[in-house]
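Engineer: For reference, the file final34.pdb (PDB, C-alpha atoms and all ligand atoms) is included below:
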```
MODEL        1
ATOM      1  CA  MET C   1       0.000   0.000   0.000  1.00  0.00           C
ATOM      2  CA  ASN C   2       1.193   3.517  -0.731  1.00  0.00           C
ATOM      3  CA  ILE C   3      -0.644   6.559   0.593  1.00  0.00           C
ATOM      4  CA  PRO C   4       0.668   9.628  -1.283  1.00  0.00           C
ATOM      5  CA  ALA C   5       1.476  13.058   0.129  1.00  0.00           C
ATOM      6  CA  LYS C   6      -1.028  15.878  -0.282  1.00  0.00           C
ATOM      7  CA  ILE C   7       0.383  19.210  -1.464  1.00  0.00           C
ATOM      8  CA  PHE C   8      -1.913  22.204  -1.799  1.00  0.00           C
ATOM      9  CA  THR C   9      -2.297  25.900  -1.108  1.00  0.00           C
ATOM     10  CA  GLU C  10      -4.663  27.284   1.492  1.00  0.00           C
ATOM     11  CA  ASN C  11      -5.060  30.957   2.442  1.00  0.00           C
ATOM     12  CA  GLY C  12      -1.871  31.835   0.593  1.00  0.00           C
ATOM     13  CA  GLN C  13       0.086  29.108   2.403  1.00  0.00           C
ATOM     14  CA  LEU C  14       1.879  26.148   0.843  1.00  0.00           C
ATOM     15  CA  ILE C  15       0.970  23.020   2.785  1.00  0.00           C
ATOM     16  CA  ILE C  16       2.329  19.461   2.724  1.00  0.00           C
ATOM     17  CA  LYS C  17       0.398  16.667   4.432  1.00  0.00           C
ATOM     18  CA  LEU C  18       2.246  13.408   5.009  1.00  0.00           C
ATOM     19  CA  PRO C  19       0.675  10.065   6.027  1.00  0.00           C
ATOM     20  CA  LEU C  20       1.863   8.802   9.418  1.00  0.00           C
ATOM     21  CA  THR C  21       0.492   5.236   9.335  1.00  0.00           C
ATOM     22  CA  ASN C  22       1.895   3.738   6.121  1.00  0.00           C
ATOM     23  CA  PRO C  23       5.096   1.814   7.053  1.00  0.00           C
ATOM     24  CA  THR C  24       5.262  -0.048   3.710  1.00  0.00           C
ATOM     25  CA  GLY C  25       4.764   3.027   1.504  1.00  0.00           C
ATOM     26  CA  LYS C  26       7.065   5.724   0.149  1.00  0.00           C
ATOM     27  CA  ILE C  27       6.410   7.836   3.249  1.00  0.00           C
ATOM     28  CA  ARG C  28       7.308   6.153   6.541  1.00  0.00           C
ATOM     29  CA  VAL C  29       7.919   7.221  10.110  1.00  0.00           C
ATOM     30  CA  LYS C  30      11.313   6.121  11.405  1.00  0.00           C
ATOM     31  CA  ARG C  31      13.306   6.311  14.605  1.00  0.00           C
ATOM     32  CA  ARG C  32      17.090   6.454  14.589  1.00  0.00           C
ATOM     33  CA  SER C  33      18.647   3.580  16.551  1.00  0.00           C
ATOM     34  CA  LYS C  34      21.321   4.883  18.941  1.00  0.00           C
ATOM     35  CA  THR C  35      23.489   1.779  18.530  1.00  0.00           C
ATOM     36  CA  SER C  36      23.372   1.365  14.728  1.00  0.00           C
ATOM     37  CA  ASN C  37      22.665   4.990  13.692  1.00  0.00           C
ATOM     38  CA  TYR C  38      20.123   3.414  11.343  1.00  0.00           C
ATOM     39  CA  GLY C  39      16.506   4.547  10.923  1.00  0.00           C
ATOM     40  CA  ILE C  40      13.989   1.801  11.798  1.00  0.00           C
ATOM     41  CA  PRO C  41      10.290   2.095  10.820  1.00  0.00           C
ATOM     42  CA  ILE C  42       8.010   2.400  13.831  1.00  0.00           C
ATOM     43  CA  ALA C  43       4.409   1.260  14.400  1.00  0.00           C
ATOM     44  CA  THR C  44       2.928   4.701  14.984  1.00  0.00           C
ATOM     45  CA  ARG C  45      -0.548   3.426  15.908  1.00  0.00           C
ATOM     46  CA  LYS C  46       1.001   1.631  18.906  1.00  0.00           C
ATOM     47  CA  ILE C  47       4.098   3.640  19.847  1.00  0.00           C
ATOM     48  CA  SER C  48       3.978   7.320  20.831  1.00  0.00           C
ATOM     49  CA  PHE C  49       5.905   9.848  18.765  1.00  0.00           C
ATOM     50  CA  THR C  50       9.133  11.224  20.255  1.00  0.00           C
ATOM     51  CA  ASN C  51      11.534  14.010  19.264  1.00  0.00           C
ATOM     52  CA  GLU C  52      13.788  11.383  17.664  1.00  0.00           C
ATOM     53  CA  ASP C  53      11.192  10.390  15.072  1.00  0.00           C
ATOM     54  CA  TYR C  54      11.066  11.631  11.522  1.00  0.00           C
ATOM     55  CA  VAL C  55       9.077  11.064   8.365  1.00  0.00           C
ATOM     56  CA  GLU C  56      11.192   9.612   5.548  1.00  0.00           C
ATOM     57  CA  TRP C  57       9.699  10.595   2.204  1.00  0.00           C
ATOM     58  CA  GLN C  58      10.945   9.046  -1.010  1.00  0.00           C
ATOM     59  CA  ILE C  59       9.915  12.188  -2.843  1.00  0.00           C
ATOM     60  CA  SER C  60       9.433  12.157  -6.625  1.00  0.00           C
ATOM     61  CA  TYR C  61       9.009  14.797  -9.295  1.00  0.00           C
ATOM     62  CA  ALA C  62       7.218  13.144 -12.256  1.00  0.00           C
ATOM     63  CA  THR C  63       5.516   9.883 -13.175  1.00  0.00           C
ATOM     64  CA  GLN C  64       3.142   8.524 -15.838  1.00  0.00           C
ATOM     65  CA  ASN C  65       0.206   8.352 -13.507  1.00  0.00           C
ATOM     66  CA  PRO C  66       0.575  10.812 -10.634  1.00  0.00           C
ATOM     67  CA  PRO C  67      -1.888  10.927  -7.732  1.00  0.00           C
ATOM     68  CA  LYS C  68      -4.330  13.846  -7.961  1.00  0.00           C
ATOM     69  CA  THR C  69      -3.240  15.014  -4.502  1.00  0.00           C
ATOM     70  CA  SER C  70       0.005  16.576  -5.810  1.00  0.00           C
ATOM     71  CA  LYS C  71      -0.228  16.602  -9.623  1.00  0.00           C
ATOM     72  CA  VAL C  72       0.826  19.521 -11.888  1.00  0.00           C
ATOM     73  CA  LYS C  73      -0.829  18.604 -15.164  1.00  0.00           C
ATOM     74  CA  ASP C  74       0.955  21.170 -17.364  1.00  0.00           C
ATOM     75  CA  ILE C  75       4.495  20.097 -16.565  1.00  0.00           C
ATOM     76  CA  ILE C  76       5.604  17.132 -18.666  1.00  0.00           C
ATOM     77  CA  ILE C  77       9.039  15.558 -18.983  1.00  0.00           C
ATOM     78  CA  ASN C  78      10.288  12.946 -21.462  1.00  0.00           C
ATOM     79  CA  ASN C  79       6.965  13.276 -23.352  1.00  0.00           C
ATOM     80  CA  GLU C  80       5.087  11.055 -20.940  1.00  0.00           C
ATOM     81  CA  GLN C  81       5.784  11.830 -17.302  1.00  0.00           C
ATOM     82  CA  ILE C  82       3.572  14.341 -15.537  1.00  0.00           C
ATOM     83  CA  GLY C  83       4.923  16.520 -12.735  1.00  0.00           C
ATOM     84  CA  PHE C  84       3.946  15.951  -9.103  1.00  0.00           C
ATOM     85  CA  GLU C  85       5.333  16.249  -5.542  1.00  0.00           C
ATOM     86  CA  LEU C  86       8.638  18.201  -5.861  1.00  0.00           C
ATOM     87  CA  THR C  87       7.315  19.736  -9.099  1.00  0.00           C
ATOM     88  CA  LYS C  88       4.196  20.898  -7.275  1.00  0.00           C
ATOM     89  CA  LEU C  89       6.293  22.415  -4.475  1.00  0.00           C
ATOM     90  CA  LEU C  90       8.331  24.337  -7.062  1.00  0.00           C
ATOM     91  CA  TYR C  91       5.273  25.425  -9.008  1.00  0.00           C
ATOM     92  CA  GLU C  92       3.092  26.547  -6.098  1.00  0.00           C
ATOM     93  CA  GLY C  93       6.134  27.928  -4.273  1.00  0.00           C
ATOM     94  CA  SER C  94       6.784  30.142  -7.261  1.00  0.00           C
ATOM     95  CA  ILE C  95       3.168  31.259  -7.684  1.00  0.00           C
ATOM     96  CA  LEU C  96       2.955  32.211  -3.998  1.00  0.00           C
ATOM     97  CA  GLY C  97       6.257  34.103  -4.186  1.00  0.00           C
ATOM     98  CA  ILE C  98       7.912  31.820  -1.613  1.00  0.00           C
ATOM     99  CA  LEU C  99      10.513  30.897  -4.230  1.00  0.00           C
ATOM    100  CA  SER C 100      11.878  33.945  -6.030  1.00  0.00           C
ATOM    101  CA  THR C 101      13.553  34.358  -9.403  1.00  0.00           C
ATOM    102  CA  GLU C 102      16.864  34.389  -7.473  1.00  0.00           C
ATOM    103  CA  ASP C 103      16.000  31.037  -5.899  1.00  0.00           C
ATOM    104  CA  PHE C 104      15.328  29.536  -9.339  1.00  0.00           C
ATOM    105  CA  ASN C 105      18.500  31.059 -10.758  1.00  0.00           C
ATOM    106  CA  GLU C 106      20.530  29.692  -7.857  1.00  0.00           C
ATOM    107  CA  MET C 107      19.107  26.187  -8.387  1.00  0.00           C
ATOM    108  CA  GLU C 108      19.706  26.372 -12.126  1.00  0.00           C
ATOM    109  CA  LYS C 109      23.272  27.498 -11.638  1.00  0.00           C
ATOM    110  CA  PHE C 110      23.890  24.690  -9.152  1.00  0.00           C
ATOM    111  CA  ILE C 111      22.552  22.109 -11.601  1.00  0.00           C
ATOM    112  CA  LYS C 112      24.613  23.431 -14.498  1.00  0.00           C
ATOM    113  CA  ASP C 113      27.738  23.298 -12.344  1.00  0.00           C
ATOM    114  CA  VAL C 114      27.260  19.573 -11.691  1.00  0.00           C
ATOM    115  CA  GLN C 115      29.834  17.818 -13.895  1.00  0.00           C
ATOM    116  CA  ASP C 116      29.881  14.260 -15.242  1.00  0.00           C
ATOM    117  CA  LYS C 117      32.326  13.337 -12.488  1.00  0.00           C
ATOM    118  CA  ASP C 118      29.988  14.636  -9.765  1.00  0.00           C
ATOM    119  CA  THR C 119      26.876  12.492 -10.255  1.00  0.00           C
ATOM    120  CA  LEU C 120      26.642   9.669  -7.762  1.00  0.00           C
ATOM    121  CA  GLU C 121      25.054   6.818  -9.732  1.00  0.00           C
ATOM    122  CA  GLU C 122      27.791   7.025 -12.324  1.00  0.00           C
ATOM    123  CA  ASN C 123      30.734   7.575  -9.987  1.00  0.00           C
ATOM    124  CA  GLU C 124      30.113   5.850  -6.658  1.00  0.00           C
ATOM    125  CA  LYS C 125      30.678   2.194  -5.746  1.00  0.00           C
ATOM    126  CA  ILE C 126      29.433  -0.309  -3.202  1.00  0.00           C
ATOM    127  CA  VAL C 127      32.390  -2.299  -1.941  1.00  0.00           C
ATOM    128  CA  ARG C 128      32.942  -5.475   0.103  1.00  0.00           C
ATOM    129  CA  GLU C 129      35.663  -5.238   2.693  1.00  0.00           C
ATOM    130  CA  ASN C 130      37.391  -8.448   3.834  1.00  0.00           C
ATOM    131  CA  LYS C 131      37.204  -8.497   7.659  1.00  0.00           C
ATOM    132  CA  MET C 132      39.875 -11.247   7.844  1.00  0.00           C
ATOM    133  CA  GLN C 133      37.648 -13.292  10.098  1.00  0.00           C
ATOM    134  CA  GLU C 134      36.348 -16.791   9.554  1.00  0.00           C
ATOM    135  CA  ILE C 135      33.316 -18.285  11.281  1.00  0.00           C
ATOM    136  CA  LYS C 136      32.199 -21.916  11.604  1.00  0.00           C
ATOM    137  CA  GLY C 137      31.998 -23.927   8.393  1.00  0.00           C
ATOM    138  CA  GLY C 138      34.733 -21.979   6.617  1.00  0.00           C
ATOM    139  CA  PHE C 139      32.712 -18.820   5.952  1.00  0.00           C
ATOM    140  CA  LYS C 140      34.736 -15.619   5.764  1.00  0.00           C
ATOM    141  CA  LYS C 141      33.325 -12.345   6.982  1.00  0.00           C
ATOM    142  CA  PHE C 142      33.000  -9.381   4.624  1.00  0.00           C
ATOM    143  CA  GLU C 143      31.274  -6.073   5.223  1.00  0.00           C
ATOM    144  CA  GLU C 144      29.409  -4.284   2.496  1.00  0.00           C
ATOM    145  CA  LYS C 145      29.932  -0.522   2.445  1.00  0.00           C
ATOM    146  CA  THR C 146      27.180   1.555   0.888  1.00  0.00           C
ATOM    147  CA  PRO C 147      27.703   5.271   0.324  1.00  0.00           C
ATOM    148  CA  VAL C 148      25.069   7.548   1.871  1.00  0.00           C
ATOM    149  CA  PHE C 149      25.169  11.340   1.450  1.00  0.00           C
ATOM    150  CA  ILE C 150      23.350  13.408   4.057  1.00  0.00           C
ATOM    151  CA  LYS C 151      22.659  17.137   4.254  1.00  0.00           C
ATOM    152  CA  LYS C 152      21.338  18.148   7.659  1.00  0.00           C
ATOM    153  CA  ASN C 153      19.428  21.235   8.608  1.00  0.00           C
ATOM    154  CA  ASP C 154      18.917  20.822  12.350  1.00  0.00           C
ATOM    155  CA  GLU C 155      17.511  24.299  12.814  1.00  0.00           C
ATOM    156  CA  LYS C 156      14.690  23.723  10.338  1.00  0.00           C
ATOM    157  CA  GLY C 157      14.242  20.114  11.431  1.00  0.00           C
ATOM    158  CA  TYR C 158      14.913  18.217   8.233  1.00  0.00           C
ATOM    159  CA  PHE C 159      17.652  16.391   6.346  1.00  0.00           C
ATOM    160  CA  VAL C 160      18.058  15.093   2.812  1.00  0.00           C
ATOM    161  CA  GLU C 161      19.691  11.720   2.128  1.00  0.00           C
ATOM    162  CA  ILE C 162      20.982  10.223  -1.096  1.00  0.00           C
ATOM    163  CA  ILE C 163      21.397   6.467  -0.725  1.00  0.00           C
ATOM    164  CA  LEU C 164      23.034   4.223  -3.306  1.00  0.00           C
ATOM    165  CA  LYS C 165      21.739   0.722  -4.011  1.00  0.00           C
ATOM    166  CA  HIS C 166      22.327  -1.938  -6.622  1.00  0.00           C
ATOM    167  CA  LYS C 167      19.662  -1.690  -9.332  1.00  0.00           C
ATOM    168  CA  GLN C 168      17.057  -4.406  -8.897  1.00  0.00           C
ATOM    169  CA  ARG C 169      16.829  -5.642 -12.471  1.00  0.00           C
ATOM    170  CA  ALA C 170      19.890  -4.186 -14.142  1.00  0.00           C
ATOM    171  CA  VAL C 171      23.594  -3.608 -13.770  1.00  0.00           C
ATOM    172  CA  GLY C 172      24.819  -0.538 -11.919  1.00  0.00           C
ATOM    173  CA  LEU C 173      23.791   1.625  -9.017  1.00  0.00           C
ATOM    174  CA  GLN C 174      20.622   3.528  -8.310  1.00  0.00           C
ATOM    175  CA  ALA C 175      20.551   6.677  -6.168  1.00  0.00           C
ATOM    176  CA  MET C 176      17.487   7.175  -3.956  1.00  0.00           C
ATOM    177  CA  VAL C 177      16.623  10.620  -2.633  1.00  0.00           C
ATOM    178  CA  HIS C 178      14.878  10.861   0.740  1.00  0.00           C
ATOM    179  CA  LEU C 179      13.516  14.004   2.310  1.00  0.00           C
ATOM    180  CA  CYS C 180      13.327  13.420   6.065  1.00  0.00           C
ATOM    181  CA  ILE C 181      11.318  15.772   8.283  1.00  0.00           C
ATOM    182  CA  TYR C 182      11.274  15.555  12.083  1.00  0.00           C
ATOM    183  CA  ILE C 183       7.837  14.826  13.583  1.00  0.00           C
ATOM    184  CA  GLU C 184       8.507  17.787  15.847  1.00  0.00           C
ATOM    185  CA  LYS C 185       8.035  20.070  12.836  1.00  0.00           C
ATOM    186  CA  LEU C 186       4.626  18.588  11.948  1.00  0.00           C
ATOM    187  CA  VAL C 187       1.246  19.422  13.437  1.00  0.00           C
ATOM    188  CA  ASP C 188      -2.034  17.533  13.521  1.00  0.00           C
ATOM    189  CA  GLU C 189      -5.495  18.522  12.256  1.00  0.00           C
ATOM    190  CA  ASN C 190      -5.890  20.922  15.203  1.00  0.00           C
ATOM    191  CA  GLY C 191      -2.503  22.554  14.727  1.00  0.00           C
ATOM    192  CA  LYS C 192      -1.120  20.691  17.777  1.00  0.00           C
ATOM    193  CA  SER C 193       2.169  18.820  18.175  1.00  0.00           C
ATOM    194  CA  LEU C 194       2.128  15.028  17.629  1.00  0.00           C
ATOM    195  CA  ILE C 195       4.851  14.316  20.214  1.00  0.00           C
ATOM    196  CA  GLY C 196       3.808  12.126  23.143  1.00  0.00           C
ATOM    197  CA  ARG C 197       0.868  10.376  21.512  1.00  0.00           C
ATOM    198  CA  THR C 198       0.209   7.634  18.958  1.00  0.00           C
ATOM    199  CA  ALA C 199      -1.187   8.243  15.453  1.00  0.00           C
ATOM    200  CA  THR C 200      -4.920   7.901  14.818  1.00  0.00           C
ATOM    201  CA  THR C 201      -6.246   5.783  11.907  1.00  0.00           C
ATOM    202  CA  ARG C 202      -4.900   7.065   8.565  1.00  0.00           C
ATOM    203  CA  GLU C 203      -3.674  10.246  10.229  1.00  0.00           C
ATOM    204  CA  PHE C 204      -1.617  12.844   8.341  1.00  0.00           C
ATOM    205  CA  GLY C 205       0.913  15.320   9.765  1.00  0.00           C
ATOM    206  CA  LYS C 206       1.034  18.816   8.310  1.00  0.00           C
ATOM    207  CA  ILE C 207       3.870  21.258   7.593  1.00  0.00           C
ATOM    208  CA  GLU C 208       3.764  24.711   6.025  1.00  0.00           C
ATOM    209  CA  ILE C 209       6.488  25.673   3.563  1.00  0.00           C
ATOM    210  CA  ASN C 210       7.309  29.378   3.699  1.00  0.00           C
ATOM    211  CA  SER C 211      10.272  31.665   3.154  1.00  0.00           C
ATOM    212  CA  GLU C 212      11.757  30.441   6.480  1.00  0.00           C
ATOM    213  CA  ASN C 213      12.106  26.803   5.449  1.00  0.00           C
ATOM    214  CA  LYS C 214      12.055  26.973   1.629  1.00  0.00           C
ATOM    215  CA  GLU C 215      15.684  25.735   1.726  1.00  0.00           C
ATOM    216  CA  LEU C 216      14.131  22.294   2.046  1.00  0.00           C
ATOM    217  CA  ILE C 217      12.840  22.448  -1.545  1.00  0.00           C
ATOM    218  CA  LYS C 218      16.198  23.711  -2.838  1.00  0.00           C
ATOM    219  CA  ASP C 219      18.091  20.938  -1.048  1.00  0.00           C
ATOM    220  CA  VAL C 220      15.899  18.252  -2.648  1.00  0.00           C
ATOM    221  CA  VAL C 221      16.449  19.826  -6.083  1.00  0.00           C
ATOM    222  CA  LYS C 222      20.220  19.785  -5.451  1.00  0.00           C
ATOM    223  CA  ALA C 223      20.057  16.150  -4.316  1.00  0.00           C
ATOM    224  CA  PHE C 224      18.366  15.113  -7.571  1.00  0.00           C
ATOM    225  CA  ALA C 225      20.892  17.105  -9.597  1.00  0.00           C
ATOM    226  CA  LEU C 226      23.679  15.099  -7.932  1.00  0.00           C
ATOM    227  CA  ALA C 227      21.906  11.720  -7.937  1.00  0.00           C
ATOM    228  CA  SER C 228      22.415  10.872 -11.642  1.00  0.00           C
ATOM    229  CA  GLN C 229      22.712  12.388 -15.100  1.00  0.00           C
ATOM    230  CA  VAL C 230      19.100  11.426 -15.865  1.00  0.00           C
ATOM    231  CA  HIS C 231      17.736  13.042 -12.707  1.00  0.00           C
ATOM    232  CA  LYS C 232      19.884  16.107 -13.360  1.00  0.00           C
ATOM    233  CA  ARG C 233      18.456  16.523 -16.858  1.00  0.00           C
ATOM    234  CA  ASP C 234      14.861  15.929 -15.648  1.00  0.00           C
ATOM    235  CA  ILE C 235      15.085  18.410 -12.807  1.00  0.00           C
ATOM    236  CA  LEU C 236      16.589  21.093 -15.050  1.00  0.00           C
ATOM    237  CA  SER C 237      13.727  20.614 -17.502  1.00  0.00           C
ATOM    238  CA  ILE C 238      11.191  20.953 -14.658  1.00  0.00           C
ATOM    239  CA  LEU C 239      12.809  24.148 -13.346  1.00  0.00           C
ATOM    240  CA  ARG C 240      12.743  25.708 -16.803  1.00  0.00           C
ATOM    241  CA  GLN C 241       9.110  24.779 -17.333  1.00  0.00           C
ATOM    242  CA  VAL C 242       8.098  26.190 -13.945  1.00  0.00           C
ATOM    243  CA  LYS C 243       9.953  29.432 -14.726  1.00  0.00           C
ATOM    244  CA  GLU C 244       8.246  29.648 -18.083  1.00  0.00           C
ATOM    245  CA  LYS C 245       4.757  29.001 -16.678  1.00  0.00           C
ATOM    246  CA  CYS C 246       5.231  31.432 -13.836  1.00  0.00           C
ATOM    247  CA  LYS C 247       6.773  34.023 -16.185  1.00  0.00           C
ATOM    248  CA  LEU C 248       9.968  34.301 -14.151  1.00  0.00           C
ATOM    249  CA  LYS C 249      12.884  35.877 -15.940  1.00  0.00           C
TER     250      LYS C 249
HETATM  251  N1  LIG W   1      12.650   8.530  -8.797  1.00  0.00           N
HETATM  252  C1  LIG W   1      11.506   8.936  -8.287  1.00  0.00           C
HETATM  253  N2  LIG W   1      11.616   9.262  -6.999  1.00  0.00           N
HETATM  254  C2  LIG W   1      12.903   9.069  -6.679  1.00  0.00           C
HETATM  255  C3  LIG W   1      13.652   9.254  -5.499  1.00  0.00           C
HETATM  256  N3  LIG W   1      13.109   9.704  -4.381  1.00  0.00           N
HETATM  257  N4  LIG W   1      14.955   8.969  -5.538  1.00  0.00           N
HETATM  258  C4  LIG W   1      15.517   8.530  -6.679  1.00  0.00           C
HETATM  259  N5  LIG W   1      14.860   8.329  -7.808  1.00  0.00           N
HETATM  260  C5  LIG W   1      13.557   8.613  -7.813  1.00  0.00           C
ENDMDL
END
```
Please express what this file holds, its structure, as structure tokens.
Ligand code: ADE
Structural biologist:
Amino acid sequence: MNIPAKIFTENGQLIIKLPLTNPTGKIRVKRRSKTSNYGIPIATRKISFTNEDYVEWQISYATQNPPKTSKVKDIIINNEQIGFELTKLLYEGSILGILSTEDFNEMEKFIKDVQDKDTLEENEKIVRENKMQEIKGGFKKFEEKTPVFIKKNDEKGYFVEIILKHKQRAVGLQAMVHLCIYIEKLVDENGKSLIGRTATTREFGKIEINSENKELIKDVVKAFALASQVHKRDILSILRQVKEKCKLK
């Protein structure tokens, strides 16, 4: 099951609503384990939210069949994929004046400065390190090292991760972009904090994007520009289309 994010404007505000009870979807609540430093999904209907918890969102920008809850029908890439999620944040952010022409120019410049040697899918590796240890039965221990790139913004309560994995049905690596937002920064239907209680059935947490935290959108754009050559090209095309539609110079 995958419950998508809802992105919309309300009274001149840009709002994201994220599902809190969908541990098998693209948006999951996780808690960082102190011993492994690894985020583990938590059962939010049974366990109360703490300040350690965050929503991990495998955010996208275009797909053939986007959910209505965050679709931008006029932005099309590769002749078949319709904009949604990050594209909607860019589009509505621009219309509301949260993202300025300077913000778009800065993102475009960043993307253009990303060289062939900088993109992670094409240049990173997953390696196996020999631990020089043998266990019963003649098995030797190796450790697999997977590169993860993290940009933290503790003040605004989010971080962006780029994780590399082996492609499932092909040769090579795949970079996954995750936008992670601390539960602390979300509010419930009544505008109250979620900390200290469990989630209700199919509950969503809400965050407003404004000029204070718009860096979050820019960091996700930068992450996609670095993830791979394909993502870099796609995201540049989306930025240009948003600028064109919003008549930014
Ligand atoms: N394609 C669509 N969403 C993605 C994401 N979050 N990371 C990498 N590739 C994607």
Engineer: Quick one: residues within 7 Å of ligand LIG 1 (chain W), with all atoms listed in the file, as a PyMOL selection string?
Structural biologist: chain C and resi 58-61+175-178
Engineer: Any chance you could resolve the PyMOL selection byres (((chain C and resi 101) around 12) and not hetatm) against this file and give the residues as a JSON list (two decimals) with C-alpha atoms, in the coordinates of the input?
Structural biologist:
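Okay, expr23.json is ready:
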```json
[["chain", "number", "residue", "atom", "x", "y", "z"],
["C", 90, "LEU", "CA", 8.33, 24.34, -7.06],
["C", 93, "GLY", "CA", 6.13, 27.93, -4.27],
["C", 94, "SER", "CA", 6.78, 30.14, -7.26],
["C", 95, "ILE", "CA", 3.17, 31.26, -7.68],
["C", 97, "GLY", "CA", 6.26, 34.10, -4.19],
["C", 98, "ILE", "CA", 7.91, 31.82, -1.61],
["C", 99, "LEU", "CA", 10.51, 30.90, -4.23],
["C", 100, "SER", "CA", 11.88, 33.94, -6.03],
["C", 102, "GLU", "CA", 16.86, 34.39, -7.47],
["C", 103, "ASP", "CA", 16.00, 31.04, -5.90],
["C", 104, "PHE", "CA", 15.33, 29.54, -9.34],
["C", 105, "ASN", "CA", 18.50, 31.06, -10.76],
["C", 106, "GLU", "CA", 20.53, 29.69, -7.86],
["C", 107, "MET", "CA", 19.11, 26.19, -8.39],
["C", 108, "GLU", "CA", 19.71, 26.37, -12.13],
["C", 239, "LEU", "CA", 12.81, 24.15, -13.35],
["C", 240, "ARG", "CA", 12.74, 25.71, -16.80],
["C", 242, "VAL", "CA", 8.10, 26.19, -13.94],
["C", 243, "LYS", "CA", 9.95, 29.43, -14.73],
["C", 244, "GLU", "CA", 8.25, 29.65, -18.08],
["C", 246, "CYS", "CA", 5.23, 31.43, -13.84],
["C", 247, "LYS", "CA", 6.77, 34.02, -16.18],
["C", 248, "LEU", "CA", 9.97, 34.30, -14.15],
["C", 249, "LYS", "CA", 12.88, 35.88, -15.94]]
```
Engineer: Would you kindly return, as a list of chain:residue names, each protein, DNA or RNA residue with an atom no farther than 7 Å from any atom of stretch 123-129 of chain C, considering all atoms listed in the file and excluding same-chain residues fewer than 2 positions away?
Structural biologist: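 Once the adjacent positions are removed, what remains is C:Lys117, C:Thr119, C:Leu120, C:Glu121, C:Lys131, C:Phe142, C:Glu143, C:Glu144, C:Lys145, C:Thr146, C:Pro147.
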Engineer: Counting only C-alpha atoms, what is within 12 Å of C:Arg202, bar same-chain residues fewer than 4 positions away, as an MDAnalysis selection string?
Structural biologist: chainID C and resid 2:4 17:23 44:45 188 198
Engineer: Rank nothing, just name the residue among C:Ala225, C:Ile76, C:Ile7, C:Cys180 nearest to C:Tyr54, using only C-alpha atoms.
Structural biologist: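 With only C-alpha atoms as the atom set, the closest residue is C:Cys180.
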Engineer: Please provide the set of residues having any atom within 10 Å of C:Pro67, restricted to only C-alpha atoms, with same-chain residues fewer than 3 positions apart removed, written as an mmCIF file with C-alpha atoms, in the frame of the given file.
Structural biologist:
```
data_model
loop_
_atom_site.group_PDB
_atom_site.id
_atom_site.type_symbol
_atom_site.label_atom_id
_atom_site.label_comp_id
_atom_site.auth_asym_id
_atom_site.auth_seq_id
_atom_site.Cartn_x
_atom_site.Cartn_y
_atom_site.Cartn_z
ATOM 1 C CA ILE C 3 -0.644 6.559 0.593
ATOM 2 C CA PRO C 4 0.668 9.628 -1.283
ATOM 3 C CA ALA C 5 1.476 13.058 0.129
ATOM 4 C CA LYS C 6 -1.028 15.878 -0.282
ATOM 5 C CA THR C 63 5.516 9.883 -13.175
ATOM 6 C CA GLN C 64 3.142 8.524 -15.838
ATOM 7 C CA SER C 70 0.005 16.576 -5.810
ATOM 8 C CA LYS C 71 -0.228 16.602 -9.623
ATOM 9 C CA VAL C 72 0.826 19.521 -11.888
ATOM 10 C CA PHE C 84 3.946 15.951 -9.103
ATOM 11 C CA GLU C 85 5.333 16.249 -5.542
#
```
Engineer: Find, counting all atoms listed in the file, the residue in C:Ile75, C:Leu216, C:Ala227, C:Ile209 that gets nearest to C:Leu186.
Structural biologist: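 Using all atoms listed in the file, C:Leu186 sits closest to C:Ile209.
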Engineer: Enumerate, as a list in words, the protein, DNA and RNA residues whose atoms approach (3.9, 2.7, 19.5) to within 12 Å, taking into account only C-alpha atoms and the coordinate frame of the file.
Structural biologist: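 All residues meeting the 12 Å criterion around (3.9, 2.7, 19.5) are Leu20, Thr21, Val29, Lys30, Arg31, Pro41, Ile42, Ala43, Thr44, Arg45, Lys46, Ile47, Ser48, Phe49, Thr50, Asp53, Ile195, Gly196, Arg197, Thr198, Ala199 and Thr200 of chain C.
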Engineer: One decimal, in Å: what's the spacing between atom CA of C:Thr24 and atom CA of C:Ile40?
Structural biologist: 12.0 Å
Engineer: State, in Å with one decimal place, the distance from atom CA of C:Phe149 to atom CA of C:Gly83.
Structural biologist: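 Atom-to-atom, atom CA of C:Phe149 to atom CA of C:Gly83, that is 25.3 Å.
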Engineer: Under the rule that all atoms listed in the file are counted, which of C:Gln115, C:Val160, C:Gly191, C:Ala170 is the nearest residue to C:Glu215?
Structural biologist: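 Nearest candidate to C:Glu215 out of C:Gln115, C:Val160, C:Gly191, C:Ala170: C:Val160.
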Engineer: How many Å lie between atom CA of C:Ile150 and atom CA of C:Pro66, rounded to one decimal?
Structural biologist: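 Separation of atom CA of C:Ile150 and atom CA of C:Pro66: 27.2 Å.
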